[in-house]
$ cat upload21.txt   # compact mmCIF, C-alpha atoms and all ligand atoms
# COMPACT_ATOMS: atom_id res chain seq x y z
CA MET A 110 -7.28 15.25 -23.37
CA ARG A 111 -9.76 15.81 -20.48
CA THR A 112 -8.91 13.43 -17.64
CA ALA A 113 -10.96 12.96 -14.47
CA VAL A 114 -9.46 11.25 -11.42
CA ILE A 115 -11.90 9.91 -8.81
CA GLY A 116 -10.17 9.85 -5.41
CA GLY A 117 -7.50 12.15 -4.02
CA GLY A 118 -5.57 9.52 -2.04
CA SER A 119 -1.89 9.01 -2.84
CA ILE A 120 -2.51 6.82 -5.88
CA GLY A 121 -5.11 9.18 -7.39
CA LEU A 122 -2.89 12.24 -6.85
CA ALA A 123 0.13 10.46 -8.40
CA ALA A 124 -2.04 9.52 -11.42
CA ALA A 125 -3.21 13.14 -11.72
CA LEU A 126 0.42 14.35 -11.78
CA ALA A 127 1.37 11.73 -14.40
CA CYS A 128 -1.53 12.81 -16.67
CA GLN A 129 -0.81 16.50 -16.16
CA GLY A 130 2.84 15.75 -17.12
CA ALA A 131 1.55 14.22 -20.38
CA GLY A 132 -0.31 17.46 -21.20
CA HIS A 133 -3.83 16.43 -20.09
CA SER A 134 -6.31 18.83 -18.58
CA VAL A 135 -6.87 17.08 -15.21
CA THR A 136 -9.62 17.35 -12.56
CA VAL A 137 -9.46 15.36 -9.30
CA PHE A 138 -12.64 14.64 -7.27
CA ASP A 139 -12.65 13.76 -3.55
CA PRO A 140 -15.48 14.46 -1.10
CA ASN A 141 -13.01 14.47 1.80
CA GLY A 142 -11.07 17.43 0.41
CA PHE A 143 -7.47 18.28 -0.37
CA VAL A 144 -6.06 19.77 2.84
CA PRO A 145 -2.63 18.40 3.85
CA LYS A 146 -2.63 16.71 7.27
CA ALA A 147 -0.59 18.50 9.95
CA LEU A 148 2.22 16.13 10.99
CA SER A 149 3.85 16.67 14.32
CA GLY A 150 5.05 14.63 17.26
CA GLU A 151 5.16 10.87 16.92
CA ALA A 152 4.97 9.01 13.62
CA ASP A 153 1.41 8.09 12.59
CA ALA A 154 0.41 4.42 12.87
CA ARG A 155 -0.10 4.07 9.08
CA VAL A 156 3.36 3.60 7.62
CA TRP A 157 4.34 2.33 4.15
CA ALA A 158 7.46 0.43 3.14
CA LEU A 159 8.16 1.88 -0.31
CA GLY A 160 10.50 0.13 -2.74
CA GLN A 161 12.89 1.78 -5.20
CA LYS A 162 10.39 1.72 -8.08
CA SER A 163 7.81 3.69 -6.07
CA THR A 164 10.31 6.28 -4.85
CA SER A 165 11.73 6.73 -8.40
CA LEU A 166 8.20 7.41 -9.69
CA LEU A 167 7.55 9.90 -6.88
CA ALA A 168 10.88 11.65 -7.60
CA ASP A 169 9.94 11.83 -11.29
CA LEU A 170 6.60 13.41 -10.35
CA GLY A 171 8.41 15.98 -8.16
CA ALA A 172 6.90 14.57 -4.95
CA TRP A 173 9.86 12.95 -3.19
CA THR A 174 11.87 15.16 -0.84
CA PRO A 175 12.89 12.88 2.05
CA ASP A 176 13.27 14.68 5.39
CA GLU A 177 13.78 13.62 9.02
CA ARG A 178 10.41 11.76 9.09
CA VAL A 179 11.61 9.28 6.45
CA CYS A 180 13.70 6.22 7.39
CA GLY A 181 15.75 4.31 4.82
CA TYR A 182 16.21 0.60 5.50
CA GLN A 183 19.19 -1.45 4.38
CA SER A 184 18.19 -4.95 5.41
CA MET A 185 15.19 -7.15 6.04
CA HIS A 186 15.39 -10.10 8.40
CA VAL A 187 12.61 -12.70 8.14
CA ILE A 188 12.29 -15.66 10.52
CA ASP A 189 9.82 -18.46 11.14
CA ALA A 190 8.64 -18.75 14.77
CA ARG A 191 8.17 -22.52 14.52
CA SER A 192 11.50 -23.55 12.98
CA ASP A 193 15.02 -22.14 12.74
CA ALA A 194 14.45 -21.04 9.10
CA LYS A 195 15.43 -17.46 8.26
CA VAL A 196 16.29 -15.22 5.34
CA THR A 197 18.08 -11.87 5.29
CA PHE A 198 18.03 -9.32 2.46
CA THR A 199 20.77 -6.71 2.52
CA GLU A 200 21.39 -3.81 0.18
CA SER A 201 22.74 -0.28 0.50
CA SER A 202 19.11 0.90 0.16
CA LEU A 203 16.22 -1.58 0.12
CA GLY A 204 13.60 1.11 0.43
CA TYR A 205 12.06 3.68 2.76
CA LEU A 206 9.61 3.66 5.62
CA VAL A 207 7.28 6.66 5.31
CA GLU A 208 4.04 7.72 6.93
CA ALA A 209 1.11 7.41 4.50
CA ASP A 210 0.03 10.98 5.35
CA TRP A 211 3.55 12.31 4.67
CA ILE A 212 3.46 10.90 1.11
CA ARG A 213 -0.03 12.29 0.48
CA ASN A 214 1.11 15.71 1.73
CA GLN A 215 4.07 15.67 -0.69
CA LEU A 216 1.75 14.80 -3.59
CA LEU A 217 -0.84 17.40 -2.54
CA THR A 218 1.80 20.15 -2.44
CA ARG A 219 2.88 19.26 -5.98
CA VAL A 220 -0.73 19.08 -7.23
CA THR A 221 -1.42 22.52 -5.73
CA ASP A 222 1.84 24.01 -7.08
CA LEU A 223 0.94 22.85 -10.61
CA GLY A 224 -2.59 24.26 -10.31
CA ILE A 225 -4.37 20.94 -10.96
CA HIS A 226 -8.12 21.43 -10.62
CA CYS A 227 -9.43 19.78 -7.41
CA VAL A 228 -13.15 19.44 -6.65
CA CYS A 229 -14.58 18.46 -3.22
CA ASP A 230 -17.47 16.38 -4.56
CA ARG A 231 -18.46 12.75 -4.51
CA VAL A 232 -18.85 11.24 -7.97
CA GLY A 233 -22.02 9.09 -8.01
CA SER A 234 -21.32 7.08 -11.17
CA VAL A 235 -19.69 7.36 -14.61
CA SER A 236 -21.01 6.14 -17.97
CA GLU A 237 -18.74 4.00 -20.18
CA ARG A 238 -18.44 7.01 -22.49
CA GLY A 239 -16.99 9.14 -19.66
CA VAL A 240 -19.90 11.21 -18.32
CA LEU A 241 -19.46 11.80 -14.55
CA MET A 242 -22.62 12.22 -12.44
CA LEU A 243 -22.03 14.73 -9.63
CA PRO A 244 -24.59 15.76 -6.97
CA ASN A 245 -25.60 18.89 -8.96
CA ASP A 246 -23.81 18.56 -12.27
CA GLN A 247 -22.55 16.33 -15.09
CA VAL A 248 -18.98 16.48 -16.40
CA GLU A 249 -17.54 14.86 -19.54
CA ALA A 250 -14.06 13.34 -19.71
CA ASP A 251 -12.02 11.40 -22.30
CA LEU A 252 -10.26 9.28 -19.68
CA VAL A 253 -11.63 8.51 -16.18
CA ILE A 254 -9.35 7.04 -13.52
CA PHE A 255 -10.91 5.36 -10.48
CA ALA A 256 -8.63 5.59 -7.42
CA GLU A 257 -11.28 5.78 -4.69
CA GLY A 258 -9.80 3.10 -2.40
CA ARG A 259 -11.12 -0.29 -1.30
CA GLN A 260 -14.83 0.44 -1.08
CA ALA A 261 -14.96 1.12 -4.85
CA GLN A 262 -18.57 2.33 -4.58
CA THR A 263 -18.44 4.62 -7.62
CA ALA A 264 -16.60 1.97 -9.66
CA ILE A 265 -19.31 -0.59 -8.82
CA ALA A 266 -22.06 1.93 -9.64
CA SER A 267 -20.29 2.50 -12.99
CA GLY A 268 -20.28 -1.18 -14.00
CA PHE A 269 -17.04 -2.63 -12.55
CA GLU A 270 -17.49 -6.06 -10.94
CA VAL A 271 -15.65 -6.95 -7.73
CA VAL A 272 -14.23 -10.45 -7.24
CA ASP A 273 -13.96 -11.29 -3.54
CA GLY A 274 -10.56 -12.87 -2.82
CA GLY A 275 -11.42 -13.87 0.79
CA TYR A 276 -8.70 -13.96 3.46
CA ARG A 277 -10.72 -11.96 5.98
CA GLN A 278 -8.31 -10.96 8.71
CA ARG A 279 -7.52 -8.00 10.95
CA ALA A 280 -4.26 -6.11 11.38
CA VAL A 281 -3.04 -4.10 14.32
CA VAL A 282 -0.72 -1.21 13.44
CA GLY A 283 1.02 1.30 15.72
CA THR A 284 4.21 3.11 16.64
CA LEU A 285 6.33 1.59 19.41
CA ARG A 286 9.24 2.78 21.50
CA CYS A 287 11.85 0.00 21.51
CA GLU A 288 14.65 -0.82 23.91
CA LYS A 289 17.18 -1.94 21.27
CA PRO A 290 18.26 0.00 18.14
CA HIS A 291 17.01 -1.33 14.80
CA HIS A 292 20.11 -0.33 12.76
CA GLY A 293 17.91 0.29 9.72
CA GLU A 294 16.67 -3.34 9.66
CA ALA A 295 13.06 -4.34 8.92
CA PHE A 296 12.14 -7.43 10.95
CA GLN A 297 9.37 -9.89 10.13
CA ILE A 298 8.41 -13.07 11.98
CA PHE A 299 5.88 -15.63 10.76
CA THR A 300 3.83 -16.72 13.76
CA GLU A 301 0.95 -19.19 14.02
CA TYR A 302 -1.47 -16.22 14.29
CA GLY A 303 -0.07 -14.37 11.26
CA PRO A 304 3.02 -12.37 10.18
CA LEU A 305 4.31 -9.69 12.55
CA ALA A 306 6.55 -6.90 11.20
CA LEU A 307 8.59 -4.34 13.16
CA LEU A 308 9.69 -1.69 10.66
CA PRO A 309 12.40 0.89 11.41
CA LEU A 310 11.36 4.50 12.04
CA PRO A 311 13.58 7.54 12.70
CA ASN A 312 14.71 7.92 16.32
CA ARG A 313 12.87 10.47 18.41
CA ASP A 314 14.48 12.35 21.32
CA ASN A 315 17.33 9.79 21.24
CA GLU A 316 14.85 6.94 21.70
CA HIS A 317 14.35 4.13 19.18
CA ARG A 318 11.08 3.69 17.30
CA VAL A 319 9.54 0.93 15.19
CA SER A 320 6.25 0.64 13.32
CA LEU A 321 4.16 -2.48 13.96
CA VAL A 322 2.06 -4.33 11.36
CA TRP A 323 0.64 -7.60 12.69
CA SER A 324 -1.93 -9.40 10.50
CA LEU A 325 -4.04 -11.76 12.59
CA ASP A 326 -6.78 -14.32 12.15
CA GLN A 327 -10.15 -13.02 13.36
CA GLU A 328 -10.24 -15.15 16.52
CA THR A 329 -6.83 -14.00 17.79
CA ALA A 330 -7.54 -10.38 16.81
CA THR A 331 -10.79 -10.40 18.83
CA GLU A 332 -8.92 -11.80 21.83
CA LEU A 333 -5.98 -9.36 21.60
CA GLN A 334 -8.24 -6.37 21.02
CA GLU A 335 -9.48 -6.87 24.62
CA TYR A 336 -5.94 -6.56 26.05
CA ALA A 337 -4.82 -3.43 27.91
CA ILE A 338 -2.26 -1.51 25.81
CA GLU A 339 0.66 -2.49 28.11
CA ALA A 340 -0.31 -6.19 27.93
CA LEU A 341 -0.56 -6.01 24.13
CA ALA A 342 2.92 -4.42 23.93
CA LEU A 343 4.28 -7.21 26.14
CA LYS A 344 2.65 -9.85 23.92
CA ILE A 345 4.31 -8.22 20.86
CA SER A 346 7.72 -8.11 22.61
CA GLN A 347 7.39 -11.83 23.41
CA THR A 348 6.05 -12.83 19.99
CA SER A 349 8.83 -10.90 18.22
CA GLU A 350 11.28 -12.94 20.37
CA TRP A 351 12.53 -9.68 22.02
CA MET A 352 14.32 -8.85 18.74
CA ARG A 353 13.97 -5.13 19.56
CA GLY A 354 13.86 -5.64 23.34
CA ALA A 355 10.94 -4.37 25.44
CA LEU A 356 8.33 -2.48 23.41
CA GLU A 357 5.89 0.25 24.45
CA PHE A 358 3.16 1.96 22.39
CA VAL A 359 3.64 5.74 22.01
CA ASN A 360 0.10 6.23 20.66
CA ASP A 361 -3.02 4.08 20.53
CA PRO A 362 -2.79 1.09 18.15
CA ILE A 363 -5.27 0.96 15.26
CA TRP A 364 -7.17 -2.19 14.23
CA ILE A 365 -7.78 -2.52 10.48
CA PRO A 366 -10.01 -5.09 8.72
CA LEU A 367 -8.18 -6.86 5.87
CA SER A 368 -9.29 -8.80 2.80
CA GLN A 369 -8.23 -9.51 -0.76
CA HIS A 370 -10.21 -8.45 -3.81
CA SER A 371 -9.76 -7.74 -7.49
CA LEU A 372 -12.00 -6.55 -10.33
CA LYS A 373 -13.26 -8.82 -13.10
CA ARG A 374 -11.93 -6.19 -15.54
CA ASP A 375 -9.84 -3.11 -14.67
CA SER A 376 -10.98 -1.13 -17.72
CA LEU A 377 -14.41 -0.44 -19.24
CA GLY A 378 -14.35 1.83 -22.29
CA CYS A 379 -12.40 4.92 -21.22
CA LEU A 380 -12.71 4.03 -17.51
CA LEU A 381 -9.62 2.65 -15.72
CA ALA A 382 -9.44 1.36 -12.13
CA ILE A 383 -6.11 1.55 -10.27
CA GLY A 384 -4.75 1.35 -6.70
CA ASP A 385 -6.86 -0.26 -3.97
CA THR A 386 -9.98 0.11 -6.14
CA ALA A 387 -8.53 -2.41 -8.59
CA HIS A 388 -6.76 -4.69 -6.10
CA GLY A 389 -6.91 -5.12 -2.35
CA ILE A 390 -4.17 -7.34 -0.96
CA LEU A 391 -2.99 -8.40 2.47
CA PRO A 392 -0.29 -6.01 3.68
CA LEU A 393 2.06 -8.91 4.38
CA ALA A 394 5.14 -7.26 2.92
CA GLY A 395 3.70 -3.77 2.53
CA LEU A 396 2.77 -4.24 -1.10
CA GLY A 397 -0.47 -2.26 -1.40
CA ALA A 398 0.86 1.21 -2.15
CA ASN A 399 3.77 -0.19 -4.19
CA LEU A 400 1.31 -2.02 -6.46
CA GLY A 401 -0.74 1.18 -6.79
CA PHE A 402 2.33 3.25 -7.70
CA GLY A 403 3.17 0.46 -10.20
CA ASP A 404 -0.23 1.13 -11.85
CA VAL A 405 0.68 4.83 -12.09
CA SER A 406 4.12 4.03 -13.62
CA SER A 407 2.41 1.89 -16.24
CA LEU A 408 -0.06 4.74 -16.97
CA GLN A 409 2.83 7.22 -17.28
CA GLN A 410 4.73 4.94 -19.68
CA THR A 411 1.61 4.26 -21.77
CA LEU A 412 1.00 8.01 -22.12
CA GLU A 413 4.62 8.48 -23.21
CA ARG A 414 4.48 5.64 -25.75
CA HIS A 415 1.07 6.58 -27.21
CA PRO A 416 0.79 10.37 -26.89
CA SER A 417 -2.23 10.65 -29.18
CA ALA A 418 -4.12 7.48 -28.15
CA HIS A 419 -7.78 7.76 -27.12
CA GLY A 420 -8.92 7.21 -23.51
CA ASP A 421 -10.23 3.69 -24.12
CA ARG A 422 -6.94 2.53 -25.64
CA ILE A 423 -4.97 3.97 -22.73
CA ALA A 424 -7.31 2.33 -20.19
CA ARG A 425 -7.12 -1.04 -22.00
CA THR A 426 -3.33 -0.98 -22.34
CA VAL A 427 -2.66 -0.11 -18.68
CA ALA A 428 -5.18 -2.71 -17.47
CA ARG A 429 -3.54 -5.43 -19.63
CA GLU A 430 -0.01 -4.52 -18.55
CA ARG A 431 -0.86 -4.48 -14.83
CA ARG A 432 -2.92 -7.67 -14.74
CA PHE A 433 0.08 -10.00 -14.47
CA ASP A 434 1.74 -8.11 -11.58
CA GLN A 435 -1.51 -7.83 -9.65
CA ARG A 436 -2.45 -11.49 -10.07
CA THR A 437 1.06 -12.71 -9.20
CA VAL A 438 1.30 -10.61 -6.04
CA ALA A 439 -2.21 -11.57 -4.87
CA MET A 440 -1.49 -15.27 -5.49
CA VAL A 441 1.90 -15.21 -3.74
CA MET A 442 0.48 -13.28 -0.77
CA GLY A 443 -2.46 -15.67 -0.41
CA LEU A 444 -0.07 -18.64 -0.57
CA PHE A 445 2.28 -17.08 1.99
CA SER A 446 -0.63 -16.41 4.28
CA ASN A 447 -1.82 -20.04 4.18
CA VAL A 448 1.57 -21.71 4.26
CA PHE A 449 2.99 -19.57 7.07
CA ARG A 450 -0.07 -19.95 9.29
CA SER A 451 -0.33 -23.71 9.03
CA ASP A 452 0.91 -26.18 11.62
CA GLN A 453 0.70 -29.18 9.26
CA PRO A 454 4.08 -30.97 9.33
CA LEU A 455 4.44 -30.99 5.51
CA LEU A 456 3.72 -27.28 5.22
CA GLN A 457 6.09 -26.60 8.12
CA LEU A 458 8.80 -28.46 6.26
CA GLY A 459 8.00 -26.54 3.04
CA ARG A 460 8.20 -23.25 4.94
CA SER A 461 11.58 -24.08 6.38
CA VAL A 462 12.94 -25.24 3.00
CA ALA A 463 11.57 -22.10 1.26
CA LEU A 464 13.23 -19.69 3.68
CA ARG A 465 16.53 -21.61 3.72
CA THR A 466 16.59 -21.72 -0.08
CA ALA A 467 15.90 -17.99 -0.31
CA ASP A 468 18.64 -17.32 2.25
CA ARG A 469 21.21 -19.26 0.18
CA HIS A 470 20.29 -18.07 -3.31
CA ALA A 471 20.75 -14.44 -4.27
CA THR A 472 18.49 -14.87 -7.35
CA ILE A 473 15.49 -15.93 -5.28
CA ARG A 474 16.07 -13.08 -2.84
CA SER A 475 16.24 -10.63 -5.76
CA LEU A 476 12.98 -12.03 -7.15
CA ILE A 477 11.19 -11.49 -3.81
CA GLN A 478 12.64 -7.97 -3.60
CA GLU A 479 11.53 -7.28 -7.18
CA LEU A 480 7.97 -8.36 -6.25
CA ALA A 481 8.07 -6.16 -3.16
CA GLY A 482 8.47 -3.03 -5.20
C1 LIG B 501 -2.50 -2.39 7.89
C2 LIG B 501 -2.06 -1.91 6.56
C3 LIG B 501 -0.72 -1.69 6.35
C4 LIG B 501 -0.28 -1.31 5.09
N1 LIG B 501 1.05 -1.18 4.91
C5 LIG B 501 1.49 -0.87 3.69
C6 LIG B 501 2.89 -0.74 3.46
O1 LIG B 501 3.72 -0.93 4.36
N2 LIG B 501 3.32 -0.43 2.20
C7 LIG B 501 2.42 -0.28 1.19
O2 LIG B 501 2.88 -0.05 0.07
N3 LIG B 501 1.08 -0.38 1.38
C8 LIG B 501 0.60 -0.66 2.59
N4 LIG B 501 -0.75 -0.76 2.78
C9 LIG B 501 -1.70 -0.54 1.66
C10 LIG B 501 -1.95 0.95 1.39
O3 LIG B 501 -2.39 1.61 2.56
C11 LIG B 501 -3.00 1.12 0.28
O4 LIG B 501 -2.64 0.30 -0.79
C12 LIG B 501 -3.08 2.58 -0.21
O5 LIG B 501 -3.57 3.42 0.82
C13 LIG B 501 -4.02 2.70 -1.42
O6 LIG B 501 -4.12 4.04 -1.83
P1 LIG B 501 -5.33 4.53 -2.74
O7 LIG B 501 -5.00 5.94 -3.11
O8 LIG B 501 -5.62 3.52 -3.80
O9 LIG B 501 -6.62 4.50 -1.79
P2 LIG B 501 -6.96 5.40 -0.48
O10 LIG B 501 -5.70 5.77 0.25
O11 LIG B 501 -7.98 4.61 0.24
O12 LIG B 501 -7.60 6.73 -1.10
C14 LIG B 501 -8.88 6.77 -1.69
C15 LIG B 501 -9.39 8.22 -1.76
O13 LIG B 501 -10.59 8.24 -2.53
C16 LIG B 501 -11.55 9.07 -1.89
N5 LIG B 501 -12.91 8.63 -2.31
C17 LIG B 501 -13.61 7.59 -1.83
N6 LIG B 501 -14.79 7.49 -2.49
C18 LIG B 501 -14.83 8.48 -3.41
C19 LIG B 501 -15.77 8.89 -4.41
N7 LIG B 501 -16.93 8.23 -4.60
N8 LIG B 501 -15.50 9.95 -5.21
C20 LIG B 501 -14.33 10.61 -5.05
N9 LIG B 501 -13.38 10.25 -4.11
C21 LIG B 501 -13.62 9.21 -3.31
C22 LIG B 501 -11.25 8.93 -0.41
O14 LIG B 501 -11.68 10.09 0.33
C23 LIG B 501 -9.71 8.82 -0.40
O15 LIG B 501 -9.08 10.08 -0.28
C24 LIG B 501 -1.22 -1.12 4.03
C25 LIG B 501 -2.59 -1.29 4.25
C26 LIG B 501 -3.02 -1.70 5.50
C27 LIG B 501 -4.50 -1.95 5.70

$ encode --input "upload21.txt" --output "structure tokens" --more "lines below"
Ligand SMILES: Cc1cc2nc3c(=O)[nH]c(=O)nc-3n(C[C@H](O)[C@H](O)[C@H](O)COP(=O)(O)OP(=O)(O)OC[C@H]3O[C@@H](n4cnc5c(N)ncnc54)[C@H](O)[C@@H]3O)c2cc1C
Amino acid sequence: MRTAVIGGGSIGLAAALACQGAGHSVTVFDPNGFVPKALSGEADARVWALGQKSTSLLADLGAWTPDERVCGYQSMHVIDARSDAKVTFTESSLGYLVEADWIRNQLLTRVTDLGIHCVCDRVGSVSERGVLMLPNDQVEADLVIFAEGRQAQTAIASGFEVVDGGYRQRAVVGTLRCEKPHHGEAFQIFTEYGPLALLPLPNRDNEHRVSLVWSLDQETATELQEYAIEALALKISQTSEWMRGALEFVNDPIWIPLSQHSLKRDSLGCLLAIGDTAHGILPLAGLGANLGFGDVSSLQQTLERHPSAHGDRIARTVARERRFDQRTVAMVMGLFSNVFRSDQPLLQLGRSVALRTADRHATIRSLIQELAG
């Protein structure tokens, strides 16, 4: 089968490897190229918290060789800033904190080693029958996978319809030196401005490091974006209740616009949308890449179960299987965002009860962990 993958981000590359593994002849298109990013010095600001399901998939695709840049985490401690509610998840390995560029480099190495055809071109649009329009050419495929990220321009030009899920916010991400060790614990605090996470990173030169993800409402983000970097670090130390002691940025923080979206349908004929093209969610618990790798797992299993199915059946089956997961995660994240931001007494009470219940009941904690990847 001839398979075209639009987008050479981590999700597109993982999909390309899954299809190649099923015997397809695969071509990946990305106008930004396929050169691995040189990683040196401090950890990049864009870090992903990958769950066991994602790392198992990556291992299966031959793209998971953890080194000193990867940090396993064994517990997650979540507290509410406006009550004494808390919940702690502990397991021998809850998941791994990895730089987004590190993962893409691993996948790129594997794609290159296997000789998968990579083309530095932007795909303009694709017909429902699988004809790709390139700047100077047309290419036919039996299965076309859209993994071009949030903007989804080619998907929209090809007939996919975006449903705006709202929740316009901004996140600040960055790498921080911290006074206290993290002992492999991910920390998250729900504040009135939005959830703030300090995620464990490997030590550097015997100093402790954490990765910050703080999702904020627009008003607070605009205000904090004016702060000097030292004042912002102090604000984060205070807001995180000094859980990791005094914090200091080791590189400039990055401000990222956030929103939720989905597609009306994730498949059209032999066209299938996956990753951020199909679903944009708030990175409250670091679910974006895990959901995308979940799409790739479903694609891999569908190809195994139906080795001689046509492209449109594969696209339809994966889209149907993934719909439930995507909808559930988007709904839960939206709910979390509203409930944890509100100061209404009833919602405050609900928040406290929810965290206390989760803290006492292993089954609820397992369910949340299952959702997280
Ligand atoms: C602040 C923040 C923190 C996050 N933290 C986490 C986390 O902790 N854990 C987690 O799991 N997720 C996290 N995420 C989400 C995660 O970053 C995304 O889900 C993930 O990057 C999606 O990967 P992708 O391959 O679908 O898209 P992208 O990484 O956006 O890749 C898309 C690729 O497509 C290419 N492209 C674009 N247009 C075209 C075209 N027309 N033709 C061909 N190629 C094209 C682009 O050049 C790019 O290479 C976070 C997101 C944010 C904003």

$ closest_residue --input "upload21.txt" --among "A:Glu288, A:Glu335, A:Glu151, A:Asp404" --to "ligand LIG 501 (chain B)" --atoms "all atoms listed in the file"
A:Asp404

$ closest_residue --input "upload21.txt" --among "A:Leu333, A:Ile298, A:Ala256, A:Val240" --to "ligand LIG 501 (chain B)" --atoms "all atoms listed in the file"
A:Ala256

$ closest_residue --input "upload21.txt" --among "A:Thr199, A:Ser149, A:Gln161, A:Gln409" --to "ligand LIG 501 (chain B)" --atoms "all atoms listed in the file"
A:Gln161

$ atom_distance --input "upload21.txt" --atom1 "CA of Thr197 in chain A" --atom2 "CA of Gly389 in chain A"
27.0 Å

$ residues_near_point --input "upload21.txt" --point "(9.2, 0.7, 9.4)" --cutoff "7 Å" --atoms "only C-alpha atoms" --output "ChimeraX atom specification"
/A:156,158,206,295,307-310,319-320

$ residues_around --input "upload21.txt" --residues "Phe138 in chain A" --least-positions-apart "4" --cutoff "6 Å" --atoms "all atoms listed in the file" --output "MDAnalysis selection string"
chainID A and resid 115:116 228:230

$ write_last_selection --input "upload21.txt" --atoms "C-alpha atoms" --output "tab-separated table (two decimals), in the coordinates of the input"
chain	number	residue	atom	x	y	z
A	115	ILE	CA	-11.90	9.91	-8.81
A	116	GLY	CA	-10.17	9.85	-5.41
A	228	VAL	CA	-13.15	19.44	-6.65
A	229	CYS	CA	-14.58	18.46	-3.22
A	230	ASP	CA	-17.47	16.38	-4.56

$ closest_residue --input "upload21.txt" --among "A:Phe402, A:Trp157, A:Phe198, A:Trp173" --to "ligand LIG 501 (chain B)" --atoms "only C-alpha atoms and all ligand atoms"
A:Trp157

$ residues_around --input "upload21.txt" --residues "Ser119 in chain A" --least-positions-apart "2" --cutoff "8 Å" --atoms "all atoms listed in the file" --output "list in words"
Gly117, Gly121, Leu122, Ala123, Ile212, Arg213 and Leu216 of chain A

$ atom_distance --input "upload21.txt" --atom1 "atom O14 of ligand LIG 501 (chain B)" --atom2 "CA of Gly258 in chain A"
7.7 Å

$ closest_residue --input "upload21.txt" --among "A:Val179, A:Leu285, A:Leu167, A:Ala127" --to "Ala398 in chain A" --atoms "only C-alpha atoms"
A:Leu167

$ atom_distance --input "upload21.txt" --atom1 "atom N4 of ligand LIG 501 (chain B)" --atom2 "CA of Ser349 in chain A"
20.8 Å

$ closest_residue --input "upload21.txt" --among "A:Leu372, A:Ala418, A:Leu356, A:Val207" --to "Gly160 in chain A" --atoms "all atoms listed in the file"
A:Val207

$ residues_around --input "upload21.txt" --residues "Lys289 in chain A" --least-positions-apart "6" --cutoff "10 Å" --atoms "all atoms listed in the file" --output "PDB file with C-alpha atoms, in the coordinates of the input"
ATOM      1  CA  GLU A 316      14.850   6.940  21.700  1.00  0.00           C
ATOM      2  CA  HIS A 317      14.350   4.130  19.180  1.00  0.00           C
ATOM      3  CA  ARG A 318      11.080   3.690  17.300  1.00  0.00           C
ATOM      4  CA  TRP A 351      12.530  -9.680  22.020  1.00  0.00           C
ATOM      5  CA  MET A 352      14.320  -8.850  18.740  1.00  0.00           C
ATOM      6  CA  ARG A 353      13.970  -5.130  19.560  1.00  0.00           C
ATOM      7  CA  GLY A 354      13.860  -5.640  23.340  1.00  0.00           C
ATOM      8  CA  ALA A 355      10.940  -4.370  25.440  1.00  0.00           C
ATOM      9  CA  LEU A 356       8.330  -2.480  23.410  1.00  0.00           C
TER      10      LEU A 356
END

$ residues_around --input "upload21.txt" --residues "Ser407 in chain A" --least-positions-apart "2" --cutoff "8 Å" --atoms "all atoms listed in the file" --output "PyMOL selection string"
chain A and resi 403-405+409-411+427+430-431

$ residues_near_point --input "upload21.txt" --point "(-9.5, -7.6, 13.4)" --cutoff "6 Å" --atoms "only C-alpha atoms" --output "PDB file with C-alpha atoms, keeping the file's coordinate frame"
ATOM      1  CA  GLN A 278      -8.310 -10.960   8.710  1.00  0.00           C
ATOM      2  CA  ARG A 279      -7.520  -8.000  10.950  1.00  0.00           C
ATOM      3  CA  ALA A 280      -4.260  -6.110  11.380  1.00  0.00           C
ATOM      4  CA  GLN A 327     -10.150 -13.020  13.360  1.00  0.00           C
ATOM      5  CA  ALA A 330      -7.540 -10.380  16.810  1.00  0.00           C
ATOM      6  CA  TRP A 364      -7.170  -2.190  14.230  1.00  0.00           C
ATOM      7  CA  PRO A 366     -10.010  -5.090   8.720  1.00  0.00           C
TER       8      PRO A 366
END
